[in-house]
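**Q** This is the structure I have questions about; it appears just below.
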Amino acid sequence: MPVPRVACGPVAPDVTRVPAAPAPPPVPQLKYEIVTRALWGAEPLKDNHDPMNGITKITLHHTAELPGMTTRSDLELVKGVQNFHRNERGWADIGYHWLIGRDGNVYEGRALEVQGAHAGGGNNKNNLGISVVGDFTKELPDRKQLGTVELFLAVQLRRYDIPVDELYGHRDWKPTECPGGALYEWLAAFKKRQAARAS
């Protein structure tokens with residue numbers, strides 16, 4: 001009786017297939033958009049200001065709670081900050097050079113050629129003022145906004161060749177809660193990471 005022919009080939013091992021682990025969530029791209037003064041409708045700079053004469057340090061702030069925070073857009077909030085600084089306090093312009101919105105965008109503030117009004121008196125000399133929209137006394141910004149804060153700070157440190165020990169929180173200059181306890185603690189950790197990368 002003829003023997004049945006069997007096709008030859010590799011024998012599949014008798015194994016139990018383990019389901020693949022789920023892929024980790026994608027990391028969002030670290031990028032941001034610049035919202036110019038023209039786009040957010042800034043009022044012009046007044047005459048009562050001093051020249052910056054170069055940038056050698058950076059100070060981080062938060063705006064704290066603003067009127068209408070839960071219902072107004074970041075653009076409207078930035079305009080509100082300028083109105084308060086310029087028209088109620090009598091300053092030349094919004095006090096900060098840059099503001100980082102909850103939308104992850106970076107809003108152009110006072111001209112970089114002009115000293116800010118954010119750290120108190122002589123502390124504003126050569127001092128780039130960056131403020132994060134929101135109150136970060138107890139909680140950090142969300143992932144999108146904080147990602148922009150981290151990237152933007154790193155870019156400015158490189159842009160102006162500023163050592164990390166010249167990066168401050170507002171409270172380093174004067175008694176204040178600003179930039180909020182949670183954000184100030186994050187800033188300390190950010191500075192350590194930057195220093196480690198530079199070593």
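Letters for chains follow the order of the structure tokens (A, B, ...), residue numbers begin at 1 for each chain, and ligand numbers begin at 1 in the order shown.
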For A:Arg158, list every protein, DNA or RNA residue within 12 Å, evaluated using only C-alpha atoms, and leave out those in the same chain fewer than 5 positions away; present the list as a list in words.

**A**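 Once the nearby chain positions are removed, what remains is Ile55, Thr56, Lys57, Ile58, Leu151, Phe152, Leu153, Pro163, Val164, Leu167, Gln194 and Ala198 of chain A.
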
**Q** Hey, what's within 7 Å of A:Gly109 if we count only C-alpha atoms and toss same-chain stuff fewer than 3 positions away? As a list in words, please?

**A**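 My list of contacting residues is Arg37, Ile94, Tyr96, His97, Trp98 and Leu99 of chain A.
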
**Q** Which residues come within 10 Å of A:Asn123, counting only C-alpha atoms, excluding same-chain residues fewer than 6 positions away, as a PyMOL selection string?

**A** chain A and resi 57+59+115-117+173-174

**Q** Those same residues - N, CA and C atoms - I'd like them written as a PDB file, in the first residue's frame.

**A**
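selection.pdb written:
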ATOM      1  N   LYS A  57      19.600  87.450  31.801  1.00  0.00           N
ATOM      2  CA  LYS A  57      18.900  86.616  32.780  1.00  0.00           C
ATOM      3  C   LYS A  57      17.430  86.514  32.398  1.00  0.00           C
ATOM      4  N   THR A  59      13.410  85.648  34.117  1.00  0.00           N
ATOM      5  CA  THR A  59      12.567  85.444  35.305  1.00  0.00           C
ATOM      6  C   THR A  59      11.216  84.880  34.881  1.00  0.00           C
ATOM      7  N   GLN A 115      13.190  97.385  28.643  1.00  0.00           N
ATOM      8  CA  GLN A 115      13.121  96.743  29.955  1.00  0.00           C
ATOM      9  C   GLN A 115      11.676  96.418  30.312  1.00  0.00           C
ATOM     10  N   GLY A 116      11.481  95.279  30.936  1.00  0.00           N
ATOM     11  CA  GLY A 116      10.158  94.913  31.399  1.00  0.00           C
ATOM     12  C   GLY A 116       9.809  95.603  32.710  1.00  0.00           C
ATOM     13  N   ALA A 117       8.624  95.288  33.213  1.00  0.00           N
ATOM     14  CA  ALA A 117       8.171  95.767  34.515  1.00  0.00           C
ATOM     15  C   ALA A 117       7.594  94.550  35.224  1.00  0.00           C
ATOM     16  N   TRP A 173      13.414  87.376  43.592  1.00  0.00           N
ATOM     17  CA  TRP A 173      13.738  88.799  43.614  1.00  0.00           C
ATOM     18  C   TRP A 173      13.056  89.551  44.745  1.00  0.00           C
ATOM     19  N   LYS A 174      11.888  89.076  45.180  1.00  0.00           N
ATOM     20  CA  LYS A 174      11.132  89.820  46.188  1.00  0.00           C
ATOM     21  C   LYS A 174      10.144  88.882  46.868  1.00  0.00           C
TER      22      LYS A 174
END

**Q** Compile a residue-level contact table for stretch 128-167 of chain A against stretch 62-85 of chain A at a cut-off of 6 Å, reporting for every qualifying residue the shortest atom pair and its distance in Å to one decimal, with only C-alpha atoms counted, rows ordered by chain and ascending number, as a Markdown table.

**A**
| residue | atom | partner | partner_atom | distance |
| --- | --- | --- | --- | --- |
| A:Ser131 | CA | A:His62 | CA | 4.9 |
| A:Val132 | CA | A:His62 | CA | 4.6 |
| A:Val133 | CA | A:Thr63 | CA | 5.2 |
| A:Gly134 | CA | A:Ala64 | CA | 5.1 |
| A:Asp135 | CA | A:Ala64 | CA | 3.9 |

**Q** As a list of chain:residue names, list the residues of stretch 36-197 of chain A assigned to strand (DSSP E or B) by DSSP on the backbone atoms of this structure.

**A**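 Listing strand (DSSP E or B) positions across stretch 36-197 of chain A yields A:Pro51, A:Lys57, A:Ile58, A:Thr59, A:Leu60, A:His61, A:His62, A:Ala64, A:Trp98, A:Leu99, A:Ile100, A:Val106, A:Tyr107, A:Glu108, A:Val114, A:Asn127, A:Leu128, A:Gly129, A:Ile130, A:Ser131, A:Val132, A:Gly134, A:Leu167, A:Tyr168, A:Gly169.
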
**Q** From a backbone DSSP assignment, name each residue in stretch 3-180 of chain A labelled alpha helix (DSSP H), as a PyMOL selection string.

**A** chain A and resi 37-40+74-83+143-159

**Q** From the list A:Tyr107, A:Arg89, A:Asn53, A:Gly101, which residue is nearest A:Ala38 when using only C-alpha atoms?

**A**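 Residue with the minimum atom-to-atom distance to A:Ala38: A:Tyr107.
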
**Q** For the atom pair atom CA of A:Asn105 and atom CA of A:Gln156, what is the interatomic distance in Å to one decimal place?

**A** 15.2 Å

**Q** Take atom CA of A:Leu60 and atom CA of A:Gly90 and report the distance between them in Å, one decimal.

**A**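 So the answer is 22.3 Å.
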
**Q** If you take only C-alpha atoms and a cut-off of 10 Å, which residues of stretch 73-111 of chain A touch stretch 140-148 of chain A, and what are their nearest atom pairs and distances in Å to one decimal, in chain and number order, as JSON lines?

**A**
{"residue": "A:Ile100", "atom": "CA", "partner": "A:Gln145", "partner_atom": "CA", "distance": 7.2}
{"residue": "A:Gly101", "atom": "CA", "partner": "A:Gln145", "partner_atom": "CA", "distance": 6.8}
{"residue": "A:Arg102", "atom": "CA", "partner": "A:Gln145", "partner_atom": "CA", "distance": 5.5}
{"residue": "A:Asp103", "atom": "CA", "partner": "A:Gln145", "partner_atom": "CA", "distance": 6.5}
{"residue": "A:Gly104", "atom": "CA", "partner": "A:Gln145", "partner_atom": "CA", "distance": 4.5}
{"residue": "A:Asn105", "atom": "CA", "partner": "A:Thr148", "partner_atom": "CA", "distance": 7.4}
{"residue": "A:Val106", "atom": "CA", "partner": "A:Thr148", "partner_atom": "CA", "distance": 7.9}

**Q** Can you write just those residues out, C-alpha atoms, as an mmCIF file, in the first residue's frame?

**A**
data_model
loop_
_atom_site.group_PDB
_atom_site.id
_atom_site.type_symbol
_atom_site.label_atom_id
_atom_site.label_comp_id
_atom_site.auth_asym_id
_atom_site.auth_seq_id
_atom_site.Cartn_x
_atom_site.Cartn_y
_atom_site.Cartn_z
ATOM 1 C CA ILE A 100 2.568 81.343 27.622
ATOM 2 C CA GLY A 101 -1.116 80.623 27.191
ATOM 3 C CA ARG A 102 -3.187 77.667 28.296
ATOM 4 C CA ASP A 103 -3.519 76.876 24.593
ATOM 5 C CA GLY A 104 0.220 76.160 24.397
ATOM 6 C CA ASN A 105 0.905 79.267 22.310
ATOM 7 C CA VAL A 106 3.443 81.957 23.153
#

**Q** One decimal, in Å: what's the spacing between atom CA of A:Ala188 and atom CA of A:Asp172?

**A**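 Separation between atom CA of A:Ala188 and atom CA of A:Asp172: 11.6 Å.
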
**Q** With only C-alpha atoms as the basis for distance, which of A:Val149, A:Trp186, A:Tyr168, A:Arg86 is at the shortest distance from A:Lys31?

**A**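 Among the listed residues, the smallest separation from A:Lys31 belongs to A:Val149.
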